[in-house]
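K.L.:
If it helps, the file is called my_file08.cif and holds mmCIF, C-alpha atoms:
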```
data_my_file
loop_
_atom_site.label_atom_id
_atom_site.label_comp_id
_atom_site.auth_asym_id
_atom_site.auth_seq_id
_atom_site.Cartn_x
_atom_site.Cartn_y
_atom_site.Cartn_z
CA MET A 1 93.63 117.33 96.93
CA LYS A 2 95.41 119.43 99.52
CA ASP A 3 98.15 117.00 100.54
CA ALA A 4 99.02 115.10 97.37
CA GLU A 5 102.48 114.17 98.69
CA ASN A 6 100.89 111.98 101.37
CA CYS A 7 98.44 110.21 99.06
CA LYS A 8 99.59 106.59 98.78
CA GLY A 9 97.63 105.94 95.60
CA LEU A 10 98.90 109.01 93.77
CA SER A 11 102.45 108.29 94.91
CA ALA A 12 102.26 104.70 93.63
CA PHE A 13 100.76 105.91 90.35
CA ASN A 14 103.54 108.48 89.92
CA ASP A 15 106.17 105.82 90.69
CA LEU A 16 104.73 103.68 87.90
CA LEU A 17 104.74 106.68 85.57
CA ASP A 18 108.44 107.24 86.32
CA HIS A 19 109.15 103.52 85.85
CA TYR A 20 107.47 103.32 82.46
CA GLY A 21 108.99 106.65 81.45
CA ASP A 22 112.42 105.13 82.07
CA ILE A 23 111.86 101.92 80.09
CA LEU A 24 109.66 102.98 77.16
CA PRO A 25 111.52 104.05 74.05
CA GLY A 26 111.79 107.82 73.69
CA ASN A 27 111.07 107.73 69.98
CA PRO A 28 107.42 106.87 69.18
CA ASP A 29 108.56 105.19 65.95
CA ASP A 30 110.40 102.58 68.06
CA LEU A 31 107.46 101.79 70.36
CA PHE A 32 105.76 99.05 68.33
CA ASP A 33 108.97 97.06 67.83
CA TRP A 34 109.82 97.48 71.52
CA LEU A 35 106.35 96.21 72.53
CA ARG A 36 106.70 93.13 70.30
CA GLU A 37 109.90 92.19 72.16
CA GLN A 38 108.37 92.42 75.65
CA PRO A 39 107.18 89.44 77.71
CA GLN A 40 103.44 89.09 78.29
CA ASP A 41 103.60 90.15 81.96
CA MET A 42 105.25 93.45 80.96
CA LEU A 43 102.62 94.05 78.28
CA LEU A 44 99.77 93.30 80.68
CA SER A 45 101.27 95.57 83.32
CA LEU A 46 101.68 98.38 80.82
CA LEU A 47 98.14 97.82 79.52
CA ALA A 48 96.74 97.99 83.06
CA PHE A 49 98.66 101.20 83.69
CA ALA A 50 97.39 102.76 80.46
CA ALA A 51 93.81 101.67 81.22
CA ALA A 52 94.04 103.15 84.72
CA HIS A 53 94.26 106.60 83.16
CA SER A 54 90.74 106.19 81.81
CA VAL A 55 89.04 104.93 84.99
CA ASN A 56 86.95 107.54 86.80
CA ALA A 57 85.72 106.53 90.24
CA VAL A 58 84.75 110.02 91.41
CA GLU A 59 81.06 110.11 92.20
CA PRO A 60 79.57 113.15 90.50
CA LYS A 61 76.80 114.98 92.28
CA PHE A 62 73.43 113.57 91.20
CA CYS A 63 75.18 110.88 89.10
CA GLN A 64 75.45 112.62 85.73
CA ARG A 65 77.92 109.93 84.58
CA LYS A 66 76.14 106.87 85.92
CA GLY A 67 78.28 104.22 84.28
CA ASP A 68 81.70 105.55 85.32
CA VAL A 69 81.47 104.76 89.03
CA ALA A 70 79.82 101.39 88.44
CA GLN A 71 82.57 100.41 86.02
CA ALA A 72 85.27 101.52 88.44
CA ASP A 73 83.60 99.50 91.22
CA GLN A 74 83.38 96.46 88.95
CA LEU A 75 87.07 96.77 88.08
CA ALA A 76 88.01 97.23 91.75
CA ARG A 77 86.08 94.08 92.71
CA ALA A 78 87.70 92.10 89.88
CA LEU A 79 91.15 93.24 91.02
CA ASP A 80 90.27 92.64 94.69
CA VAL A 81 91.22 96.19 95.64
CA ASP A 82 91.17 96.88 99.37
CA MET A 83 90.67 100.62 99.79
CA THR A 84 91.80 100.45 103.42
CA ASP A 85 95.30 99.93 101.97
CA TRP A 86 95.03 103.28 100.22
CA PHE A 87 92.88 105.54 102.38
CA GLU A 88 92.21 106.16 106.05
CA PRO A 89 89.85 108.97 107.07
CA THR A 90 91.53 111.73 109.05
CA ALA A 91 90.61 115.21 110.19
CA ASP A 92 92.30 116.77 107.18
CA ASN A 93 91.07 114.46 104.44
CA TYR A 94 87.52 113.78 105.65
CA PHE A 95 86.13 114.79 109.05
CA ASN A 96 86.80 118.54 108.69
CA HIS A 97 84.76 118.49 105.47
CA VAL A 98 81.53 116.92 106.71
CA ASN A 99 78.89 118.02 109.20
CA ARG A 100 78.53 116.86 112.81
CA THR A 101 75.76 114.41 112.01
CA THR A 102 77.93 112.71 109.41
CA ILE A 103 80.81 112.55 111.89
CA GLU A 104 78.57 110.97 114.51
CA LEU A 105 77.21 108.44 112.01
CA ALA A 106 80.74 107.55 110.90
CA VAL A 107 81.88 106.90 114.45
CA ALA A 108 78.73 104.90 115.22
CA GLU A 109 79.26 102.74 112.15
CA ALA A 110 82.97 102.23 112.86
CA LYS A 111 82.90 101.83 116.65
CA GLY A 112 79.30 101.60 117.84
CA LYS A 113 76.74 103.74 119.66
CA GLU A 114 78.86 104.22 122.79
CA ALA A 115 81.64 105.80 120.74
CA GLU A 116 79.12 107.99 118.93
CA LEU A 117 78.01 109.41 122.29
CA SER A 118 81.54 110.64 123.00
CA VAL A 119 81.46 112.64 119.77
CA ARG A 120 77.95 113.91 120.44
CA ALA A 121 78.91 115.07 123.95
CA VAL A 122 81.43 117.71 122.82
CA LYS A 123 80.27 121.20 121.96
CA LYS A 124 82.66 122.25 119.20
CA LYS A 125 82.99 120.58 115.82
CA GLY A 126 86.79 120.77 116.03
CA GLU A 127 86.73 118.61 119.16
CA ALA A 128 84.32 116.18 117.50
CA VAL A 129 86.65 115.91 114.51
CA LEU A 130 89.65 115.05 116.68
CA ILE A 131 87.70 112.47 118.68
CA ALA A 132 86.34 110.91 115.49
CA GLU A 133 89.80 110.75 113.93
CA ARG A 134 91.18 109.00 117.01
CA LEU A 135 88.28 106.56 117.32
CA VAL A 136 88.07 105.61 113.64
CA SER A 137 91.84 105.27 113.19
CA GLY A 138 92.82 101.69 112.42
CA SER A 139 89.21 100.49 112.31
CA GLY A 140 89.07 99.94 108.55
CA TRP A 141 85.99 102.16 108.26
CA LEU A 142 85.70 104.05 104.98
CA PRO A 143 83.38 106.90 103.98
CA GLY A 144 80.83 106.12 101.27
CA PRO A 145 82.62 107.84 98.36
CA VAL A 146 85.75 105.73 98.95
CA ARG A 147 83.98 102.41 99.39
CA ILE A 148 83.80 99.93 96.57
CA ALA A 149 80.11 99.25 96.06
CA GLU A 150 78.76 95.74 96.28
CA GLU A 151 77.67 94.29 92.96
CA ALA A 152 73.91 94.65 93.50
CA ALA A 153 74.25 98.29 94.64
CA THR A 154 76.01 99.38 91.44
CA GLU A 155 73.26 98.42 89.01
CA THR A 156 71.86 101.96 89.09
CA GLY A 157 75.31 103.54 89.10
CA CYS A 158 74.26 105.78 91.99
CA ALA A 159 74.94 103.63 95.04
CA GLY A 160 74.26 105.35 98.33
CA ASP A 161 72.70 108.55 96.96
CA GLU A 162 69.79 108.58 99.37
CA ALA A 163 72.01 108.44 102.46
CA GLU A 164 74.56 110.93 101.16
CA PHE A 165 72.09 113.58 99.99
CA SER A 166 70.16 113.45 103.26
CA GLN A 167 73.18 114.89 105.06
CA ALA A 168 74.26 118.35 103.98
CA ALA A 169 77.83 119.42 104.59
CA GLU A 170 78.42 122.38 106.84
#
```
Could you show the structure in this file as structure tokens?

P.N.:
Amino acid sequence: MKDAENCKGLSAFNDLLDHYGDILPGNPDDLFDWLREQPQDMLLSLLAFAAAHSVNAVEPKFCQRKGDVAQADQLARALDVDMTDWFEPTADNYFNHVNRTTIELAVAEAKGKEAELSVRAVKKKGEAVLIAERLVSGSGWLPGPVRIAEEAATETGCAGDEAEFSQAAE
């Protein structure tokens, strides 16, 4: 991650880490007694935070860890996570890292065939990236690796492999 300071999710996670670091007892011997005194909502919040450290939603190439992504998707659906609140594709975090075909497909999916033609018409990838960033901004479109898979698609644990592997990055 090149620009961790601007990652909303990481920032929120670090804020929670600071919060719990401030309220948890410093001495591990005091932790159990402290936990017994806490209200249920605090315990559930702390449990969710602790569990979040074990969730892995990164799609490994060729799905070596098939269950991880499916479990993360299932958890995200149960929690009604909206990834558009946490990620918007930009030149720096997405479009500079994929090939022209993928850029064109992204714009077509987000804004339609007419918009795709404006990306296709430019000669240099850098121009295509800037046009794609502008067109996709605010549309709610998300690249495949950031999307939360629908329930039926996660049964194999490798949702979207065929489409993603058919497009090689430059």

K.L.:
A:Leu44, A:Ala52, A:Ala128, A:Ile148: which is nearest Asp80 of chain A, counting only C-alpha atoms?

P.N.:
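Ranked by minimum distance to Asp80 of chain A, first place goes to A:Ile148.
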
K.L.:
Using Å and a single decimal, report how far atom CA of Ile131 of chain A sits from atom CA of Ala110 of chain A.

P.N.:
12.7 Å

K.L.:
When distances are computed from all atoms listed in the file, which of A:Ala132, A:Ala149, A:Ala50, A:Val98 shows the smallest separation from Gln71 of chain A?

P.N.:
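Closest to Gln71 of chain A, using all atoms listed in the file: A:Ala149.
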
K.L.:
Evaluate the PyMOL selection byres ((chain A and resi 88-93) around 7) on the structure here and hand back the selected residues as a count of residues only.

P.N.:
9

K.L.:
In Å to one decimal, how far is atom CA of Glu116 of chain A from atom CA of Asp82 of chain A?

P.N.:
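For atom CA of Asp82 of chain A relative to atom CA of Glu116 of chain A, the distance reads 25.5 Å.
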